[in-house]
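Undergrad: Once you've had a glance at the structure underneath, I'll fire off some questions.
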Amino acid sequence: SYTSPTQINAIAPDGISGIATVVVERNGVRSPVATVNTRRLNPAFFAYSQRNGRYIATVAADNSAYIAPADLFGVSSIGGLAVRPARPGEFVVAYGMGMGPTNPALPAGEIPPVREGGHPITGAVSLTFGTGRSVTPLYVGLSSFAGVYIVVFQVPQLPPGDYEVVISVDGIASPQGVNIQVAP
């Protein structure tokens, strides 16, 4: 779905699990074979690249702001959207990948058609903040981009600070170390 001299974003085909080999070919030139471990679920949040990817890629559900530390990008707004921490009680949308099959099912790499109710994942989900504060997401499923999932949730009533956010799908947890910043 994206290539640059230093990065390739691709969506693996359905039905792959275990050890797989990957070869990249461009203009008839093939890369060395890379061996990768695959699994059916590999939930993870996208993170802003600033500050070593410490902050989860999140927007306010009303599309008024990027949810991040106010100084994360060095500007107070981007494209007319404010840059600010989350507010307790507000609804936000986080972006992720690897959260598994949906209902209705959709083949890997296919752009989800518009559908009332979306394309929610079929797995059991838990979402935790910091030291175990659980939140029930309103929606976890595919976005309108192939392979990109959204997690819609209400920010819990928490004191100001950075809170690690972990999503688990069918008991498989996302990597630790991504945070959301909450302000008063």
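Here's how to read the names in the structure tokens: chain A, B, ... by the order shown, residue numbers from 1 in each chain, ligand numbers from 1 in the order shown.
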I want to know what sits within 8 Å of range 157-171 of chain A, based on only C-alpha atoms, with residues of the same chain fewer than 6 positions away left out; could you give that as a PyMOL selection string?

TA: chain A and resi 41+43-44+88-89+99+123-130+177-184

Undergrad: Can those selected residues be exported to a file as a tab-separated table (two decimals), in the first residue's frame so that it contains C-alpha atoms?

TA:
```tsv
chain	number	residue	atom	x	y	z
A	41	LEU	CA	-3.72	-11.67	15.18
A	43	PRO	CA	-2.89	-6.07	17.32
A	44	ALA	CA	-0.96	-2.81	17.44
A	88	PRO	CA	-11.56	13.05	30.31
A	89	GLY	CA	-14.98	11.94	29.07
A	99	MET	CA	-6.83	-6.86	14.89
A	123	GLY	CA	-12.50	-11.28	18.51
A	124	ALA	CA	-13.00	-10.48	22.18
A	125	VAL	CA	-11.51	-7.05	22.96
A	126	SER	CA	-10.15	-5.43	26.08
A	127	LEU	CA	-8.66	-1.94	26.31
A	128	THR	CA	-6.64	-0.78	29.31
A	129	PHE	CA	-5.14	2.53	30.42
A	130	GLY	CA	-2.10	2.77	32.64
A	177	GLY	CA	4.99	1.73	25.32
A	178	VAL	CA	2.37	3.74	23.40
A	179	ASN	CA	0.54	6.40	25.35
A	180	ILE	CA	-2.26	8.89	25.24
A	181	GLN	CA	-1.87	12.19	27.04
A	182	VAL	CA	-4.80	13.33	29.16
A	183	ALA	CA	-5.24	16.96	30.21
A	184	PRO	CA	-7.74	18.57	32.59
```

Undergrad: Figure out the distance between CA of Ala61 in chain A and CA of Leu138 in chain A, please, to one decimal in Å.

TA: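 Computing the Euclidean distance for CA of Leu138 in chain A and CA of Ala61 in chain A yields 11.4 Å.
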
Undergrad: For Gln154 in chain A, which residue among A:Ser76, A:Thr58, A:Asn9, A:Thr136 is the nearest when counting only C-alpha atoms?

TA: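 Using only C-alpha atoms, the shortest distance to Gln154 in chain A belongs to A:Thr136.
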
Undergrad: Using DSSP assignments from the backbone, pull out every residue in range 6-70 of chain A that falls under strand (DSSP E) and give it to me as a list in words.

TA: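 Across range 6-70 of chain A, those assigned strand (DSSP E) are Gln7, Ile8, Asn9, Gly18, Ile19, Ala20, Thr21, Val22, Glu25, Arg26, Val29, Arg30, Ala34, Thr35, Val36, Asn37, Thr38, Ala44, Phe45, Thr58, Val59, Ala60, Ala65, Tyr66 and Ile67 of chain A.
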
Undergrad: Using only C-alpha atoms, pick whichever of A:Ile19, A:Ile172, A:Val155, A:Ala146 has the shortest atom-to-atom distance to Ala108 in chain A.

TA: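 Under the stated criterion, the closest residue is A:Ala146.
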
Undergrad: To one decimal place in Å, what is the distance between CA of Ala34 in chain A and CA of Ala10 in chain A?

TA: 14.3 Å

Undergrad: Excluding same-chain residues fewer than 3 positions from Val36 in chain A, what lies within 10 Å of it counting only C-alpha atoms, as a list of chain:residue names?

TA: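 Counting only C-alpha atoms, the residues come to A:Gly18, A:Ile19, A:Ala20, A:Thr21, A:Val22, A:Val33.
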
Undergrad: Save the residues we just selected, all heavy atoms, as a PDB file, in the first residue's frame?

TA:
```pdb
ATOM      1  N   GLY A  18       2.536 -18.908  10.821  1.00  0.00           N
ATOM      2  CA  GLY A  18       3.832 -19.559  11.015  1.00  0.00           C
ATOM      3  C   GLY A  18       4.925 -18.791  10.302  1.00  0.00           C
ATOM      4  O   GLY A  18       4.854 -17.584  10.115  1.00  0.00           O
ATOM      5  N   ILE A  19       5.939 -19.508   9.873  1.00  0.00           N
ATOM      6  CA  ILE A  19       7.082 -18.905   9.189  1.00  0.00           C
ATOM      7  C   ILE A  19       6.729 -18.669   7.716  1.00  0.00           C
ATOM      8  O   ILE A  19       6.200 -19.550   7.047  1.00  0.00           O
ATOM      9  CB  ILE A  19       8.327 -19.812   9.282  1.00  0.00           C
ATOM     10  CG1 ILE A  19       8.666 -20.105  10.743  1.00  0.00           C
ATOM     11  CG2 ILE A  19       9.511 -19.211   8.545  1.00  0.00           C
ATOM     12  CD1 ILE A  19       9.058 -18.883  11.541  1.00  0.00           C
ATOM     13  N   ALA A  20       7.040 -17.466   7.226  1.00  0.00           N
ATOM     14  CA  ALA A  20       6.808 -17.125   5.818  1.00  0.00           C
ATOM     15  C   ALA A  20       8.059 -16.443   5.277  1.00  0.00           C
ATOM     16  O   ALA A  20       8.856 -15.897   6.030  1.00  0.00           O
ATOM     17  CB  ALA A  20       5.601 -16.203   5.674  1.00  0.00           C
ATOM     18  N   THR A  21       8.216 -16.487   3.975  1.00  0.00           N
ATOM     19  CA  THR A  21       9.338 -15.787   3.348  1.00  0.00           C
ATOM     20  C   THR A  21       8.791 -14.627   2.530  1.00  0.00           C
ATOM     21  O   THR A  21       7.709 -14.702   1.956  1.00  0.00           O
ATOM     22  CB  THR A  21      10.163 -16.717   2.445  1.00  0.00           C
ATOM     23  OG1 THR A  21       9.309 -17.292   1.458  1.00  0.00           O
ATOM     24  CG2 THR A  21      10.822 -17.818   3.253  1.00  0.00           C
ATOM     25  N   VAL A  22       9.570 -13.553   2.510  1.00  0.00           N
ATOM     26  CA  VAL A  22       9.170 -12.353   1.785  1.00  0.00           C
ATOM     27  C   VAL A  22      10.310 -11.952   0.860  1.00  0.00           C
ATOM     28  O   VAL A  22      11.469 -11.922   1.270  1.00  0.00           O
ATOM     29  CB  VAL A  22       8.862 -11.183   2.755  1.00  0.00           C
ATOM     30  CG1 VAL A  22       8.504  -9.923   1.996  1.00  0.00           C
ATOM     31  CG2 VAL A  22       7.757 -11.569   3.729  1.00  0.00           C
ATOM     32  N   VAL A  33      15.955 -12.957   0.385  1.00  0.00           N
ATOM     33  CA  VAL A  33      14.793 -13.530   1.056  1.00  0.00           C
ATOM     34  C   VAL A  33      14.846 -13.159   2.532  1.00  0.00           C
ATOM     35  O   VAL A  33      15.881 -13.297   3.180  1.00  0.00           O
ATOM     36  CB  VAL A  33      14.772 -15.065   0.891  1.00  0.00           C
ATOM     37  CG1 VAL A  33      13.643 -15.682   1.705  1.00  0.00           C
ATOM     38  CG2 VAL A  33      14.642 -15.444  -0.571  1.00  0.00           C
TER      39      VAL A  33
END
```

Undergrad: Can you work out the spacing between CA of Val75 in chain A and CA of Ile8 in chain A in Å, to one decimal?

TA: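 Atom-to-atom, CA of Val75 in chain A to CA of Ile8 in chain A, that is 28.3 Å.
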
Undergrad: Write out as an mmCIF file with N, CA, C and O atoms, in the first residue's frame the residues lying within 12 Å of Asp14 in chain A, counting only C-alpha atoms and excluding same-chain residues fewer than 3 positions away.

TA:
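What follows is the written file out22.cif:
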```cif
data_model
loop_
_atom_site.group_PDB
_atom_site.id
_atom_site.type_symbol
_atom_site.label_atom_id
_atom_site.label_comp_id
_atom_site.auth_asym_id
_atom_site.auth_seq_id
_atom_site.Cartn_x
_atom_site.Cartn_y
_atom_site.Cartn_z
ATOM 1 N N ILE A 11 0.029 -5.552 3.048
ATOM 2 C CA ILE A 11 -0.942 -6.343 3.786
ATOM 3 C C ILE A 11 -0.739 -7.791 3.370
ATOM 4 O O ILE A 11 -0.803 -8.124 2.186
ATOM 5 N N SER A 17 0.111 -18.379 8.270
ATOM 6 C CA SER A 17 0.485 -18.430 9.683
ATOM 7 C C SER A 17 1.774 -19.220 9.805
ATOM 8 O O SER A 17 2.076 -20.065 8.973
ATOM 9 N N THR A 38 4.634 -15.069 11.267
ATOM 10 C CA THR A 38 3.296 -14.512 11.052
ATOM 11 C C THR A 38 2.334 -15.137 12.045
ATOM 12 O O THR A 38 2.571 -16.217 12.580
ATOM 13 N N ARG A 39 1.248 -14.422 12.303
ATOM 14 C CA ARG A 39 0.176 -14.973 13.115
ATOM 15 C C ARG A 39 -1.129 -14.309 12.720
ATOM 16 O O ARG A 39 -1.147 -13.225 12.156
ATOM 17 N N ARG A 40 -2.210 -14.982 13.044
ATOM 18 C CA ARG A 40 -3.547 -14.525 12.649
ATOM 19 C C ARG A 40 -3.887 -13.176 13.258
ATOM 20 O O ARG A 40 -4.517 -12.341 12.612
ATOM 21 N N LEU A 41 -3.474 -12.944 14.495
ATOM 22 C CA LEU A 41 -3.717 -11.671 15.176
ATOM 23 C C LEU A 41 -2.387 -11.073 15.608
ATOM 24 O O LEU A 41 -1.524 -11.787 16.119
ATOM 25 N N GLY A 98 -3.741 -5.186 12.495
ATOM 26 C CA GLY A 98 -3.577 -6.554 12.965
ATOM 27 C C GLY A 98 -4.617 -7.045 13.942
ATOM 28 O O GLY A 98 -4.350 -7.950 14.727
ATOM 29 N N GLY A 100 -7.500 -8.564 13.282
ATOM 30 C CA GLY A 100 -8.160 -9.803 12.918
ATOM 31 C C GLY A 100 -9.404 -9.695 12.075
ATOM 32 O O GLY A 100 -9.762 -8.633 11.574
ATOM 33 N N PRO A 101 -10.077 -10.857 11.935
ATOM 34 C CA PRO A 101 -11.245 -10.959 11.061
ATOM 35 C C PRO A 101 -12.404 -10.084 11.522
ATOM 36 O O PRO A 101 -12.514 -9.745 12.701
ATOM 37 N N ALA A 105 -17.065 -10.822 6.989
ATOM 38 C CA ALA A 105 -15.669 -11.064 6.619
ATOM 39 C C ALA A 105 -15.296 -10.230 5.397
ATOM 40 O O ALA A 105 -16.143 -9.938 4.550
ATOM 41 N N LEU A 106 -14.033 -9.864 5.331
ATOM 42 C CA LEU A 106 -13.517 -9.076 4.211
ATOM 43 C C LEU A 106 -12.119 -9.586 3.901
ATOM 44 O O LEU A 106 -11.293 -9.661 4.802
ATOM 45 N N PRO A 107 -11.834 -9.955 2.644
ATOM 46 C CA PRO A 107 -10.491 -10.446 2.321
ATOM 47 C C PRO A 107 -9.420 -9.389 2.593
ATOM 48 O O PRO A 107 -9.660 -8.195 2.460
ATOM 49 N N ALA A 108 -8.221 -9.844 2.986
ATOM 50 C CA ALA A 108 -7.104 -8.939 3.260
ATOM 51 C C ALA A 108 -6.849 -8.039 2.065
ATOM 52 O O ALA A 108 -6.881 -8.484 0.918
ATOM 53 N N GLY A 109 -6.615 -6.762 2.347
ATOM 54 C CA GLY A 109 -6.273 -5.816 1.298
ATOM 55 C C GLY A 109 -7.455 -5.197 0.584
ATOM 56 O O GLY A 109 -7.288 -4.284 -0.214
ATOM 57 N N GLU A 110 -8.665 -5.677 0.851
ATOM 58 C CA GLU A 110 -9.842 -5.111 0.193
ATOM 59 C C GLU A 110 -10.306 -3.876 0.963
ATOM 60 O O GLU A 110 -10.317 -3.867 2.198
ATOM 61 N N GLY A 147 -6.811 -2.585 5.611
ATOM 62 C CA GLY A 147 -5.881 -2.989 6.651
ATOM 63 C C GLY A 147 -5.770 -2.066 7.849
ATOM 64 O O GLY A 147 -5.025 -2.356 8.777
#
```

Undergrad: List as a PDB file with C-alpha atoms, in the first residue's frame the protein and nucleic acid residues near Gly117 in chain A, meaning an atom at most 12 Å away when only C-alpha atoms are counted, but skip any in the same chain fewer than 4 places from it.

TA:
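In the end it all went to result.pdb:
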```pdb
ATOM      1  CA  THR A 102     -14.404  -8.910  10.835  1.00  0.00           C
ATOM      2  CA  ASN A 103     -18.114  -9.573  10.557  1.00  0.00           C
ATOM      3  CA  PRO A 104     -18.944  -9.535   7.742  1.00  0.00           C
ATOM      4  CA  PRO A 112     -14.203  -1.993   3.156  1.00  0.00           C
ATOM      5  CA  PRO A 113     -17.429  -0.919   1.465  1.00  0.00           C
ATOM      6  CA  ILE A 121     -13.813  -7.434  14.506  1.00  0.00           C
ATOM      7  CA  LEU A 138     -17.662   1.567  21.358  1.00  0.00           C
ATOM      8  CA  TYR A 139     -16.294   0.143  18.098  1.00  0.00           C
ATOM      9  CA  VAL A 140     -13.266  -1.860  17.011  1.00  0.00           C
ATOM     10  CA  GLY A 141     -13.198  -2.661  13.318  1.00  0.00           C
ATOM     11  CA  LEU A 142     -11.979  -1.733   9.898  1.00  0.00           C
ATOM     12  CA  SER A 143     -11.781   1.876   8.815  1.00  0.00           C
TER      13      SER A 143
END
```

Undergrad: Select, from A:Phe153, A:Tyr95, A:Val148, A:His119, the residue with the minimum atom-to-atom distance to Val135 in chain A, counting only C-alpha atoms.

TA: A:Phe153
